[in-house]
file structure27.csv (CSV, N, CA and C atoms)
chain,number,residue,atom,x,y,z
U,1,ALA,N,-62.7,-27.5,-20.9
U,1,ALA,CA,-63.2,-28.4,-19.9
U,1,ALA,C,-62.7,-27.9,-18.5
U,2,LEU,N,-63.4,-28.2,-17.5
U,2,LEU,CA,-63.0,-27.8,-16.1
U,2,LEU,C,-63.1,-29.1,-15.3
U,3,PHE,N,-62.0,-29.4,-14.6
U,3,PHE,CA,-62.0,-30.5,-13.7
U,3,PHE,C,-61.8,-30.0,-12.3
U,4,GLN,N,-62.6,-30.5,-11.3
U,4,GLN,CA,-62.5,-30.0,-9.9
U,4,GLN,C,-62.4,-31.1,-8.9
U,5,HIS,N,-61.7,-30.8,-7.9
U,5,HIS,CA,-61.7,-31.7,-6.7
U,5,HIS,C,-61.3,-30.9,-5.5
U,6,GLU,N,-62.3,-30.8,-4.6
U,6,GLU,CA,-62.1,-30.0,-3.4
U,6,GLU,C,-61.8,-28.6,-3.8
U,7,ASN,N,-60.6,-28.1,-3.3
U,7,ASN,CA,-60.3,-26.7,-3.6
U,7,ASN,C,-59.4,-26.5,-4.8
U,8,ILE,N,-59.3,-27.5,-5.7
U,8,ILE,CA,-58.4,-27.4,-6.9
U,8,ILE,C,-59.2,-27.5,-8.2
U,9,GLU,N,-58.9,-26.6,-9.1
U,9,GLU,CA,-59.6,-26.6,-10.4
U,9,GLU,C,-58.5,-26.7,-11.5
U,10,LEU,N,-58.7,-27.6,-12.4
U,10,LEU,CA,-57.8,-27.7,-13.6
U,10,LEU,C,-58.6,-27.4,-14.9
U,11,TRP,N,-58.1,-26.4,-15.6
U,11,TRP,CA,-58.8,-25.9,-16.8
U,11,TRP,C,-58.0,-26.5,-18.0
U,12,GLN,N,-58.8,-27.0,-19.0
U,12,GLN,CA,-58.2,-27.5,-20.2
U,12,GLN,C,-58.8,-26.8,-21.4
U,13,GLY,N,-58.0,-26.3,-22.3
U,13,GLY,CA,-58.5,-25.5,-23.4
U,13,GLY,C,-57.5,-24.6,-24.0
U,14,ASP,N,-57.9,-23.7,-24.9
U,14,ASP,CA,-57.0,-22.7,-25.5
U,14,ASP,C,-56.7,-21.6,-24.5
U,15,PHE,N,-55.5,-21.6,-24.0
U,15,PHE,CA,-55.1,-20.6,-23.0
U,15,PHE,C,-55.3,-19.2,-23.5
U,16,PHE,N,-55.1,-18.9,-24.8
U,16,PHE,CA,-55.2,-17.6,-25.3
U,16,PHE,C,-56.6,-17.1,-25.4
U,17,LYS,N,-57.6,-18.0,-25.2
U,17,LYS,CA,-59.0,-17.6,-25.2
U,17,LYS,C,-59.5,-17.4,-23.8
U,18,LEU,N,-58.6,-17.7,-22.8
U,18,LEU,CA,-59.0,-17.6,-21.4
U,18,LEU,C,-58.8,-16.1,-21.0
U,19,THR,N,-59.8,-15.7,-20.2
U,19,THR,CA,-59.8,-14.3,-19.7
U,19,THR,C,-59.8,-14.3,-18.1
U,20,PRO,N,-59.2,-13.3,-17.5
U,20,PRO,CA,-59.3,-13.2,-16.0
U,20,PRO,C,-60.7,-13.2,-15.5
U,21,GLU,N,-61.6,-12.7,-16.2
U,21,GLU,CA,-63.0,-12.7,-15.8
U,21,GLU,C,-63.6,-14.1,-15.7
U,22,LYS,N,-63.2,-15.0,-16.5
U,22,LYS,CA,-63.6,-16.4,-16.4
U,22,LYS,C,-63.1,-17.1,-15.2
U,23,LEU,N,-61.9,-16.8,-14.8
U,23,LEU,CA,-61.2,-17.5,-13.7
U,23,LEU,C,-61.5,-17.0,-12.3
U,24,GLY,N,-61.6,-15.7,-12.2
U,24,GLY,CA,-61.7,-15.1,-10.8
U,24,GLY,C,-60.3,-15.1,-10.2
U,25,ASP,N,-60.2,-15.0,-8.9
U,25,ASP,CA,-59.0,-15.0,-8.2
U,25,ASP,C,-58.4,-16.4,-7.9
U,26,PHE,N,-57.1,-16.5,-7.9
U,26,PHE,CA,-56.5,-17.8,-7.5
U,26,PHE,C,-55.1,-17.5,-7.0
U,27,ASP,N,-54.5,-18.5,-6.3
U,27,ASP,CA,-53.3,-18.3,-5.6
U,27,ASP,C,-52.0,-18.8,-6.4
U,28,VAL,N,-52.2,-19.9,-7.1
U,28,VAL,CA,-51.0,-20.5,-7.7
U,28,VAL,C,-51.3,-20.9,-9.2
U,29,VAL,N,-50.2,-20.7,-10.0
U,29,VAL,CA,-50.2,-21.1,-11.3
U,29,VAL,C,-49.0,-22.1,-11.4
U,30,TYR,N,-49.2,-23.2,-12.1
U,30,TYR,CA,-48.1,-24.2,-12.2
U,30,TYR,C,-47.9,-24.4,-13.7
U,31,ASP,N,-46.7,-24.1,-14.2
U,31,ASP,CA,-46.4,-24.3,-15.6
U,31,ASP,C,-45.3,-25.3,-15.7
U,32,ARG,N,-45.7,-26.5,-16.0
U,32,ARG,CA,-44.8,-27.7,-16.1
U,32,ARG,C,-44.1,-27.8,-17.4
U,33,ALA,N,-44.8,-27.5,-18.5
U,33,ALA,CA,-44.2,-27.6,-19.8
U,33,ALA,C,-44.8,-26.8,-20.9
U,34,ALA,N,-45.5,-25.7,-20.5
U,34,ALA,CA,-46.2,-24.9,-21.5
U,34,ALA,C,-45.2,-23.9,-22.2
U,35,LEU,N,-44.5,-23.2,-21.4
U,35,LEU,CA,-43.6,-22.2,-21.9
U,35,LEU,C,-42.5,-22.8,-22.8
U,36,VAL,N,-42.0,-23.9,-22.3
U,36,VAL,CA,-40.9,-24.6,-23.1
U,36,VAL,C,-41.4,-25.2,-24.4
U,37,ALA,N,-42.7,-25.4,-24.5
U,37,ALA,CA,-43.3,-26.0,-25.7
U,37,ALA,C,-43.4,-25.0,-26.8
U,38,LEU,N,-43.2,-23.7,-26.5
U,38,LEU,CA,-43.5,-22.7,-27.5
U,38,LEU,C,-42.2,-22.1,-28.1
U,39,PRO,N,-42.2,-21.8,-29.4
U,39,PRO,CA,-41.1,-21.1,-30.0
U,39,PRO,C,-41.0,-19.7,-29.4
U,40,LYS,N,-39.8,-19.0,-29.6
U,40,LYS,CA,-39.5,-17.7,-28.9
U,40,LYS,C,-40.6,-16.7,-29.0
U,41,GLN,N,-41.2,-16.4,-30.2
U,41,GLN,CA,-42.2,-15.4,-30.4
U,41,GLN,C,-43.4,-15.7,-29.6
U,42,MET,N,-43.8,-17.0,-29.7
U,42,MET,CA,-45.0,-17.4,-28.9
U,42,MET,C,-44.8,-17.4,-27.4
U,43,GLN,N,-43.5,-17.6,-27.0
U,43,GLN,CA,-43.2,-17.5,-25.6
U,43,GLN,C,-43.5,-16.1,-25.0
U,44,LEU,N,-43.2,-15.1,-25.8
U,44,LEU,CA,-43.5,-13.7,-25.4
U,44,LEU,C,-45.0,-13.5,-25.4
U,45,ASP,N,-45.7,-14.0,-26.4
U,45,ASP,CA,-47.2,-13.9,-26.4
U,45,ASP,C,-47.8,-14.6,-25.2
U,46,TYR,N,-47.3,-15.8,-24.9
U,46,TYR,CA,-47.8,-16.6,-23.8
U,46,TYR,C,-47.6,-15.8,-22.4
U,47,VAL,N,-46.4,-15.3,-22.2
U,47,VAL,CA,-46.1,-14.6,-21.0
U,47,VAL,C,-46.9,-13.3,-20.9
U,48,ASN,N,-47.0,-12.6,-22.0
U,48,ASN,CA,-47.9,-11.4,-21.9
U,48,ASN,C,-49.3,-11.7,-21.5
U,49,HIS,N,-49.8,-12.8,-22.1
U,49,HIS,CA,-51.2,-13.2,-21.7
U,49,HIS,C,-51.3,-13.7,-20.3
U,50,LEU,N,-50.3,-14.4,-19.9
U,50,LEU,CA,-50.2,-15.0,-18.5
U,50,LEU,C,-50.2,-13.9,-17.4
U,51,LYS,N,-49.5,-12.8,-17.7
U,51,LYS,CA,-49.3,-11.7,-16.8
U,51,LYS,C,-50.7,-11.1,-16.3
U,52,GLN,N,-51.7,-11.2,-17.2
U,52,GLN,CA,-53.0,-10.7,-16.8
U,52,GLN,C,-53.6,-11.5,-15.6
U,53,PHE,N,-53.2,-12.7,-15.4
U,53,PHE,CA,-53.8,-13.5,-14.4
U,53,PHE,C,-53.0,-13.5,-13.0
U,54,ILE,N,-51.9,-12.7,-13.0
U,54,ILE,CA,-51.0,-12.7,-11.8
U,54,ILE,C,-51.2,-11.4,-11.1
U,55,ASP,N,-51.7,-11.5,-9.9
U,55,ASP,CA,-51.8,-10.3,-9.0
U,55,ASP,C,-50.8,-10.4,-7.9
U,56,THR,N,-50.9,-9.6,-6.9
U,56,THR,CA,-49.9,-9.6,-5.8
U,56,THR,C,-49.9,-10.8,-4.9
U,57,LYS,N,-51.0,-11.6,-4.9
U,57,LYS,CA,-51.0,-12.8,-4.1
U,57,LYS,C,-50.8,-14.1,-4.9
U,58,THR,N,-50.6,-13.9,-6.2
U,58,THR,CA,-50.4,-15.1,-7.0
U,58,THR,C,-49.0,-15.5,-7.1
U,59,LYS,N,-48.7,-16.8,-7.0
U,59,LYS,CA,-47.4,-17.4,-7.2
U,59,LYS,C,-47.4,-18.2,-8.4
U,60,LEU,N,-46.4,-18.0,-9.3
U,60,LEU,CA,-46.3,-18.8,-10.5
U,60,LEU,C,-45.0,-19.7,-10.3
U,61,PHE,N,-45.3,-21.0,-10.4
U,61,PHE,CA,-44.2,-22.0,-10.3
U,61,PHE,C,-44.0,-22.4,-11.7
U,62,LEU,N,-42.8,-22.2,-12.3
U,62,LEU,CA,-42.5,-22.5,-13.7
U,62,LEU,C,-41.3,-23.3,-13.8
U,63,ILE,N,-41.4,-24.4,-14.6
U,63,ILE,CA,-40.3,-25.3,-14.8
U,63,ILE,C,-39.8,-25.0,-16.2
U,64,ALA,N,-38.5,-24.9,-16.4
U,64,ALA,CA,-37.9,-24.6,-17.7
U,64,ALA,C,-36.7,-25.6,-17.9
U,65,VAL,N,-36.3,-25.8,-19.1
U,65,VAL,CA,-35.1,-26.6,-19.4
U,65,VAL,C,-34.2,-25.7,-20.2
U,66,ALA,N,-32.9,-25.9,-20.0
U,66,ALA,CA,-31.9,-25.1,-20.8
U,66,ALA,C,-30.9,-26.1,-21.3
U,67,PHE,N,-30.5,-25.8,-22.5
U,67,PHE,CA,-29.5,-26.7,-23.2
U,67,PHE,C,-28.9,-25.9,-24.4
U,68,ASN,N,-27.9,-26.4,-25.1
U,68,ASN,CA,-27.4,-25.7,-26.2
U,68,ASN,C,-28.4,-25.8,-27.4
U,69,ASP,N,-28.8,-24.6,-27.8
U,69,ASP,CA,-29.8,-24.6,-28.9
U,69,ASP,C,-29.4,-25.2,-30.2
U,70,ASP,N,-28.1,-25.3,-30.4
U,70,ASP,CA,-27.6,-25.9,-31.6
U,70,ASP,C,-27.8,-27.4,-31.6
U,71,ASP,N,-28.0,-28.0,-30.4
U,71,ASP,CA,-28.2,-29.5,-30.4
U,71,ASP,C,-29.6,-29.9,-30.7
U,72,TRP,N,-30.6,-29.0,-30.4
U,72,TRP,CA,-32.0,-29.5,-30.5
U,72,TRP,C,-32.8,-28.3,-30.9
U,73,GLN,N,-33.7,-28.4,-31.9
U,73,GLN,CA,-34.5,-27.3,-32.4
U,73,GLN,C,-35.9,-27.2,-31.7
U,74,GLY,N,-36.2,-28.1,-30.8
U,74,GLY,CA,-37.4,-28.1,-30.1
U,74,GLY,C,-38.6,-28.5,-30.8
U,75,PRO,N,-39.8,-28.7,-30.2
U,75,PRO,CA,-39.9,-28.5,-28.8
U,75,PRO,C,-39.4,-29.7,-28.0
U,76,PRO,N,-39.1,-29.6,-26.7
U,76,PRO,CA,-39.1,-28.4,-26.0
U,76,PRO,C,-38.0,-27.4,-26.5
U,77,PHE,N,-38.2,-26.2,-26.2
U,77,PHE,CA,-37.2,-25.1,-26.5
U,77,PHE,C,-36.4,-24.7,-25.3
U,78,SER,N,-35.2,-24.5,-25.4
U,78,SER,CA,-34.3,-24.1,-24.3
U,78,SER,C,-34.7,-22.7,-23.8
U,79,ILE,N,-34.8,-22.6,-22.5
U,79,ILE,CA,-35.1,-21.3,-21.9
U,79,ILE,C,-34.1,-21.1,-20.8
U,80,THR,N,-33.2,-20.1,-20.9
U,80,THR,CA,-32.2,-19.8,-19.9
U,80,THR,C,-32.7,-18.9,-18.8
U,81,ASP,N,-31.8,-18.8,-17.8
U,81,ASP,CA,-32.1,-17.8,-16.7
U,81,ASP,C,-32.3,-16.4,-17.3
U,82,ASP,N,-31.5,-16.0,-18.2
U,82,ASP,CA,-31.6,-14.7,-18.8
U,82,ASP,C,-33.0,-14.5,-19.5
U,83,ASP,N,-33.4,-15.6,-20.2
U,83,ASP,CA,-34.7,-15.6,-20.9
U,83,ASP,C,-35.8,-15.3,-19.9
U,84,ILE,N,-35.8,-16.1,-18.8
U,84,ILE,CA,-36.8,-15.9,-17.8
U,84,ILE,C,-36.8,-14.5,-17.2
U,85,GLN,N,-35.6,-14.0,-16.9
U,85,GLN,CA,-35.5,-12.6,-16.4
U,85,GLN,C,-36.1,-11.6,-17.4
U,86,GLN,N,-35.8,-11.8,-18.7
U,86,GLN,CA,-36.3,-10.8,-19.7
U,86,GLN,C,-37.8,-11.0,-19.8
U,87,LEU,N,-38.3,-12.2,-19.9
U,87,LEU,CA,-39.8,-12.4,-20.1
U,87,LEU,C,-40.6,-11.9,-18.9
U,88,PHE,N,-40.0,-12.0,-17.7
U,88,PHE,CA,-40.7,-11.6,-16.5
U,88,PHE,C,-40.0,-10.4,-15.9
U,89,SER,N,-39.6,-9.4,-16.7
U,89,SER,CA,-38.7,-8.3,-16.2
U,89,SER,C,-39.4,-7.5,-15.1
U,90,SER,N,-40.7,-7.4,-15.1
U,90,SER,CA,-41.4,-6.5,-14.2
U,90,SER,C,-41.9,-7.3,-12.9
U,91,PHE,N,-41.4,-8.6,-12.8
U,91,PHE,CA,-41.8,-9.5,-11.7
U,91,PHE,C,-40.5,-9.8,-10.9
U,92,SER,N,-40.8,-10.3,-9.7
U,92,SER,CA,-39.8,-10.9,-8.9
U,92,SER,C,-39.5,-12.4,-9.4
U,93,VAL,N,-38.3,-12.7,-9.7
U,93,VAL,CA,-38.0,-14.0,-10.2
U,93,VAL,C,-36.9,-14.7,-9.3
U,94,GLU,N,-37.3,-15.8,-8.8
U,94,GLU,CA,-36.3,-16.5,-7.9
U,94,GLU,C,-36.2,-18.0,-8.4
U,95,LYS,N,-34.9,-18.4,-8.7
U,95,LYS,CA,-34.7,-19.8,-9.1
U,95,LYS,C,-34.7,-20.6,-7.8
U,96,ILE,N,-35.6,-21.5,-7.6
U,96,ILE,CA,-35.7,-22.3,-6.4
U,96,ILE,C,-34.8,-23.5,-6.5
U,97,ALA,N,-34.7,-24.1,-7.6
U,97,ALA,CA,-33.9,-25.3,-7.8
U,97,ALA,C,-33.4,-25.5,-9.2
U,98,GLU,N,-32.3,-26.2,-9.3
U,98,GLU,CA,-31.8,-26.5,-10.7
U,98,GLU,C,-31.1,-27.8,-10.6
U,99,HIS,N,-31.2,-28.7,-11.5
U,99,HIS,CA,-30.4,-29.9,-11.6
U,99,HIS,C,-30.2,-30.3,-13.0
U,100,LYS,N,-29.1,-31.0,-13.2
U,100,LYS,CA,-28.7,-31.6,-14.5
U,100,LYS,C,-29.5,-32.8,-14.7
U,101,LEU,N,-30.1,-33.0,-15.9
U,101,LEU,CA,-30.8,-34.2,-16.2
U,101,LEU,C,-29.8,-35.1,-16.9
U,102,SER,N,-29.2,-36.0,-16.2
U,102,SER,CA,-28.1,-36.8,-16.7
U,102,SER,C,-28.6,-37.8,-17.7
U,103,ASN,N,-29.8,-38.2,-17.7
U,103,ASN,CA,-30.3,-39.2,-18.7
U,103,ASN,C,-30.8,-38.5,-20.0
U,104,ASN,N,-30.7,-37.1,-20.0
U,104,ASN,CA,-31.1,-36.3,-21.2
U,104,ASN,C,-32.6,-36.6,-21.5
U,105,GLN,N,-33.4,-36.8,-20.5
U,105,GLN,CA,-34.8,-37.0,-20.7
U,105,GLN,C,-35.6,-35.9,-19.9
U,106,PHE,N,-36.5,-35.3,-20.7
U,106,PHE,CA,-37.4,-34.3,-20.1
U,106,PHE,C,-38.8,-34.6,-20.6
U,107,ALA,N,-39.8,-34.6,-19.7
U,107,ALA,CA,-41.2,-34.9,-20.0
U,107,ALA,C,-41.3,-36.1,-20.9
U,108,GLN,N,-40.6,-37.2,-20.4
U,108,GLN,CA,-40.7,-38.5,-21.1
U,108,GLN,C,-40.2,-38.5,-22.5
U,109,ARG,N,-39.3,-37.5,-22.8
U,109,ARG,CA,-38.7,-37.4,-24.1
U,109,ARG,C,-37.2,-37.4,-24.0
U,110,LYS,N,-36.6,-38.4,-24.7
U,110,LYS,CA,-35.1,-38.4,-24.7
U,110,LYS,C,-34.6,-37.4,-25.7
U,111,MET,N,-33.7,-36.6,-25.3
U,111,MET,CA,-33.2,-35.5,-26.1
U,111,MET,C,-31.7,-35.7,-26.4
U,112,ALA,N,-31.3,-35.5,-27.6
U,112,ALA,CA,-29.9,-35.6,-28.0
U,112,ALA,C,-29.2,-34.3,-27.8
U,113,VAL,N,-29.0,-33.9,-26.6
U,113,VAL,CA,-28.4,-32.6,-26.3
U,113,VAL,C,-27.3,-32.8,-25.2
U,114,GLY,N,-26.4,-31.8,-25.1
U,114,GLY,CA,-25.5,-31.8,-24.1
U,114,GLY,C,-25.9,-30.8,-23.0
U,115,ASN,N,-25.5,-31.1,-21.8
U,115,ASN,CA,-25.7,-30.2,-20.6
U,115,ASN,C,-27.2,-29.8,-20.5
U,116,LEU,N,-28.1,-30.8,-20.4
U,116,LEU,CA,-29.5,-30.5,-20.2
U,116,LEU,C,-29.8,-30.2,-18.7
U,117,LYS,N,-30.3,-29.0,-18.4
U,117,LYS,CA,-30.6,-28.7,-17.1
U,117,LYS,C,-32.1,-28.3,-17.0
U,118,GLU,N,-32.7,-28.7,-15.8
U,118,GLU,CA,-34.1,-28.3,-15.5
U,118,GLU,C,-34.0,-27.4,-14.3
U,119,ALA,N,-34.9,-26.3,-14.4
U,119,ALA,CA,-34.9,-25.4,-13.3
U,119,ALA,C,-36.3,-25.1,-12.9
U,120,LEU,N,-36.5,-24.8,-11.6
U,120,LEU,CA,-37.8,-24.4,-11.1
U,120,LEU,C,-37.7,-23.0,-10.6
U,121,TYR,N,-38.6,-22.1,-11.1
U,121,TYR,CA,-38.7,-20.7,-10.7
U,121,TYR,C,-39.9,-20.4,-10.0
U,122,LEU,N,-39.8,-19.4,-9.0
U,122,LEU,CA,-41.0,-18.8,-8.4
U,122,LEU,C,-41.0,-17.4,-8.9
U,123,ILE,N,-42.2,-17.1,-9.5
U,123,ILE,CA,-42.3,-15.7,-10.1
U,123,ILE,C,-43.5,-15.1,-9.4
U,124,GLN,N,-43.3,-13.8,-9.0
U,124,GLN,CA,-44.4,-13.1,-8.3
U,124,GLN,C,-44.3,-11.6,-8.6
U,125,LYS,N,-45.4,-10.9,-8.4
U,125,LYS,CA,-45.4,-9.5,-8.6
U,125,LYS,C,-44.7,-8.8,-7.5
call {"tool": "encode", "arguments": {"input": "structure27.csv", "output": "structure tokens"}}
result
Amino acid sequence: ALFQHENIELWQGDFFKLTPEKLGDFDVVYDRAALVALPKQMQLDYVNHLKQFIDTKTKLFLIAVAFNDDDWQGPPFSITDDDIQQLFSSFSVEKIAEHKLSNNQFAQRKMAVGNLKEALYLIQK
């Protein structure tokens, strides 16, 4: 499904069936909770597919959470700075912000973990 308002389009559906030809050019990708919802192997598949949509003018804003994996088996899954650097190794990765979630709540879900941190990354070619 496609939802539009002025110059914004929101696409809903199976991301892995989406092709760059269907979308055309765009400037911004916002990942609020897609990557963190996937187990490790699917994270790699997701990022490899996502890379097809990013050109030199595209900015990817990605939110990730990090915590001790022993405390919570996901989803959401913990993604560290090192994970982001490895997944996007051929891209410029800048951590814009990071803060501790003191109430242990992410995406309206209370998590029984210690040291839950949320980070925002800007990823570009």
call {"tool": "closest_residue", "arguments": {"input": "structure27.csv", "among": "U:Tyr46, U:Thr56, U:Gly114, U:Lys100", "to": "Trp72 in chain U", "atoms": "all atoms listed in the file"}}
result
U:Gly114
call {"tool": "residues_near_point", "arguments": {"input": "structure27.csv", "point": "(-49.4, -21.1, -13.8)", "cutoff": "6.5 Å", "atoms": "only N, CA and C atoms", "output": "PyMOL selection string"}}
result
chain U and resi 28-31+59-61
call {"tool": "select_by_dssp", "arguments": {"input": "structure27.csv", "residues": "range 49-111 of chain U", "states": "helix (DSSP H, G or I)", "output": "list in words"}}
result
His49, Leu50, Lys51, Gln52, Phe53, Asp81, Asp82, Asp83, Ile84, Gln85, Gln86 and Leu87 of chain U
call {"tool": "atom_distance", "arguments": {"input": "structure27.csv", "atom1": "atom N of Glu118 in chain U", "atom2": "atom N of Phe16 in chain U"}}
result
26.1 Å
call {"tool": "residues_around", "arguments": {"input": "structure27.csv", "residues": "Gly13 in chain U", "least_positions_apart": "2", "cutoff": "6 Å", "atoms": "all atoms listed in the file", "output": "list in words"}}
result
Ala1, Trp11 and Phe15 of chain U
call {"tool": "atom_distance", "arguments": {"input": "structure27.csv", "atom1": "CA of Gly74 in chain U", "atom2": "atom C of Leu35 in chain U"}}
result
10.4 Å
call {"tool": "atom_distance", "arguments": {"input": "structure27.csv", "atom1": "atom C of Leu38 in chain U", "atom2": "atom N of Asp25 in chain U"}}
result
27.3 Å
call {"tool": "residues_around", "arguments": {"input": "structure27.csv", "residues": "Val36 in chain U", "least_positions_apart": "3", "cutoff": "8 Å", "atoms": "all atoms listed in the file", "output": "list in words"}}
result
Asp31, Arg32, Ala33, Pro39, Gln43, Ile63, Ala64, Val65, Gly74, Pro75, Pro76, Phe77, Ser78 and Ile79 of chain U
call {"tool": "select_by_dssp", "arguments": {"input": "structure27.csv", "residues": "chain U", "states": "strand (DSSP E)", "output": "compact mmCIF listing (two decimals) with N, CA and C atoms, in the frame of the given file"}}
result
# COMPACT_ATOMS: atom_id res chain seq x y z
N LEU U 2 -63.40 -28.20 -17.50
CA LEU U 2 -63.00 -27.80 -16.10
C LEU U 2 -63.10 -29.10 -15.30
N PHE U 3 -62.00 -29.40 -14.60
CA PHE U 3 -62.00 -30.50 -13.70
C PHE U 3 -61.80 -30.00 -12.30
N GLN U 4 -62.60 -30.50 -11.30
CA GLN U 4 -62.50 -30.00 -9.90
C GLN U 4 -62.40 -31.10 -8.90
N HIS U 5 -61.70 -30.80 -7.90
CA HIS U 5 -61.70 -31.70 -6.70
C HIS U 5 -61.30 -30.90 -5.50
N ILE U 8 -59.30 -27.50 -5.70
CA ILE U 8 -58.40 -27.40 -6.90
C ILE U 8 -59.20 -27.50 -8.20
N GLU U 9 -58.90 -26.60 -9.10
CA GLU U 9 -59.60 -26.60 -10.40
C GLU U 9 -58.50 -26.70 -11.50
N LEU U 10 -58.70 -27.60 -12.40
CA LEU U 10 -57.80 -27.70 -13.60
C LEU U 10 -58.60 -27.40 -14.90
N TRP U 11 -58.10 -26.40 -15.60
CA TRP U 11 -58.80 -25.90 -16.80
C TRP U 11 -58.00 -26.50 -18.00
N VAL U 28 -52.20 -19.90 -7.10
CA VAL U 28 -51.00 -20.50 -7.70
C VAL U 28 -51.30 -20.90 -9.20
N VAL U 29 -50.20 -20.70 -10.00
CA VAL U 29 -50.20 -21.10 -11.30
C VAL U 29 -49.00 -22.10 -11.40
N TYR U 30 -49.20 -23.20 -12.10
CA TYR U 30 -48.10 -24.20 -12.20
C TYR U 30 -47.90 -24.40 -13.70
N ASP U 31 -46.70 -24.10 -14.20
CA ASP U 31 -46.40 -24.30 -15.60
C ASP U 31 -45.30 -25.30 -15.70
N LYS U 59 -48.70 -16.80 -7.00
CA LYS U 59 -47.40 -17.40 -7.20
C LYS U 59 -47.40 -18.20 -8.40
N LEU U 60 -46.40 -18.00 -9.30
CA LEU U 60 -46.30 -18.80 -10.50
C LEU U 60 -45.00 -19.70 -10.30
N PHE U 61 -45.30 -21.00 -10.40
CA PHE U 61 -44.20 -22.00 -10.30
C PHE U 61 -44.00 -22.40 -11.70
N LEU U 62 -42.80 -22.20 -12.30
CA LEU U 62 -42.50 -22.50 -13.70
C LEU U 62 -41.30 -23.30 -13.80
N ILE U 63 -41.40 -24.40 -14.60
CA ILE U 63 -40.30 -25.30 -14.80
C ILE U 63 -39.80 -25.00 -16.20
N ALA U 64 -38.50 -24.90 -16.40
CA ALA U 64 -37.90 -24.60 -17.70
C ALA U 64 -36.70 -25.60 -17.90
N VAL U 65 -36.30 -25.80 -19.10
CA VAL U 65 -35.10 -26.60 -19.40
C VAL U 65 -34.20 -25.70 -20.20
N ALA U 66 -32.90 -25.90 -20.00
CA ALA U 66 -31.90 -25.10 -20.80
C ALA U 66 -30.90 -26.10 -21.30
N SER U 92 -40.80 -10.30 -9.70
CA SER U 92 -39.80 -10.90 -8.90
C SER U 92 -39.50 -12.40 -9.40
N VAL U 93 -38.30 -12.70 -9.70
CA VAL U 93 -38.00 -14.00 -10.20
C VAL U 93 -36.90 -14.70 -9.30
N GLU U 94 -37.30 -15.80 -8.80
CA GLU U 94 -36.30 -16.50 -7.90
C GLU U 94 -36.20 -18.00 -8.40
N LYS U 95 -34.90 -18.40 -8.70
CA LYS U 95 -34.70 -19.80 -9.10
C LYS U 95 -34.70 -20.60 -7.80
N ILE U 96 -35.60 -21.50 -7.60
CA ILE U 96 -35.70 -22.30 -6.40
C ILE U 96 -34.80 -23.50 -6.50
N ALA U 97 -34.70 -24.10 -7.60
CA ALA U 97 -33.90 -25.30 -7.80
C ALA U 97 -33.40 -25.50 -9.20
N GLU U 98 -32.30 -26.20 -9.30
CA GLU U 98 -31.80 -26.50 -10.70
C GLU U 98 -31.10 -27.80 -10.60
N HIS U 99 -31.20 -28.70 -11.50
CA HIS U 99 -30.40 -29.90 -11.60
C HIS U 99 -30.20 -30.30 -13.00
N LYS U 100 -29.10 -31.00 -13.20
CA LYS U 100 -28.70 -31.60 -14.50
C LYS U 100 -29.50 -32.80 -14.70
N GLN U 105 -33.40 -36.80 -20.50
CA GLN U 105 -34.80 -37.00 -20.70
C GLN U 105 -35.60 -35.90 -19.90
N PHE U 106 -36.50 -35.30 -20.70
CA PHE U 106 -37.40 -34.30 -20.10
C PHE U 106 -38.80 -34.60 -20.60
N ARG U 109 -39.30 -37.50 -22.80
CA ARG U 109 -38.70 -37.40 -24.10
C ARG U 109 -37.20 -37.40 -24.00
N LYS U 110 -36.60 -38.40 -24.70
CA LYS U 110 -35.10 -38.40 -24.70
C LYS U 110 -34.60 -37.40 -25.70
N LYS U 117 -30.30 -29.00 -18.40
CA LYS U 117 -30.60 -28.70 -17.10
C LYS U 117 -32.10 -28.30 -17.00
N GLU U 118 -32.70 -28.70 -15.80
CA GLU U 118 -34.10 -28.30 -15.50
C GLU U 118 -34.00 -27.40 -14.30
N ALA U 119 -34.90 -26.30 -14.40
CA ALA U 119 -34.90 -25.40 -13.30
C ALA U 119 -36.30 -25.10 -12.90
N LEU U 120 -36.50 -24.80 -11.60
CA LEU U 120 -37.80 -24.40 -11.10
C LEU U 120 -37.70 -23.00 -10.60
N TYR U 121 -38.60 -22.10 -11.10
CA TYR U 121 -38.70 -20.70 -10.70
C TYR U 121 -39.90 -20.40 -10.00
N LEU U 122 -39.80 -19.40 -9.00
CA LEU U 122 -41.00 -18.80 -8.40
C LEU U 122 -41.00 -17.40 -8.90
N ILE U 123 -42.20 -17.10 -9.50
CA ILE U 123 -42.30 -15.70 -10.10
C ILE U 123 -43.50 -15.10 -9.40
N GLN U 124 -43.30 -13.80 -9.00
CA GLN U 124 -44.40 -13.10 -8.30
C GLN U 124 -44.30 -11.60 -8.60
call {"tool": "residues_around", "arguments": {"input": "structure27.csv", "residues": "Gln124 in chain U", "least_positions_apart": "6", "cutoff": "8 Å", "atoms": "only C-alpha atoms", "output": "PyMOL selection string"}}
result
chain U and resi 54-60+91-93
call {"tool": "decode", "arguments": {"input": "structure27.csv", "residues": "range 61-66 of chain U", "atoms": "N, CA and C atoms", "output": "mmCIF file, in the first residue's frame"}}
result
data_model
loop_
_atom_site.group_PDB
_atom_site.id
_atom_site.type_symbol
_atom_site.label_atom_id
_atom_site.label_comp_id
_atom_site.auth_asym_id
_atom_site.auth_seq_id
_atom_site.Cartn_x
_atom_site.Cartn_y
_atom_site.Cartn_z
ATOM 1 N N PHE U 61 18.469 7.525 8.277
ATOM 2 C CA PHE U 61 18.415 7.760 9.718
ATOM 3 C C PHE U 61 17.942 6.459 10.352
ATOM 4 N N LEU U 62 18.777 5.878 11.191
ATOM 5 C CA LEU U 62 18.504 4.565 11.752
ATOM 6 C C LEU U 62 18.573 4.627 13.268
ATOM 7 N N ILE U 63 17.543 4.108 13.911
ATOM 8 C CA ILE U 63 17.507 4.022 15.369
ATOM 9 C C ILE U 63 17.772 2.583 15.771
ATOM 10 N N ALA U 64 18.717 2.402 16.694
ATOM 11 C CA ALA U 64 19.049 1.072 17.192
ATOM 12 C C ALA U 64 19.039 1.094 18.715
ATOM 13 N N VAL U 65 18.899 -0.071 19.293
ATOM 14 C CA VAL U 65 19.005 -0.217 20.741
ATOM 15 C C VAL U 65 20.114 -1.218 21.037
ATOM 16 N N ALA U 66 20.802 -0.985 22.126
ATOM 17 C CA ALA U 66 21.863 -1.887 22.559
ATOM 18 C C ALA U 66 21.662 -2.221 24.028
#
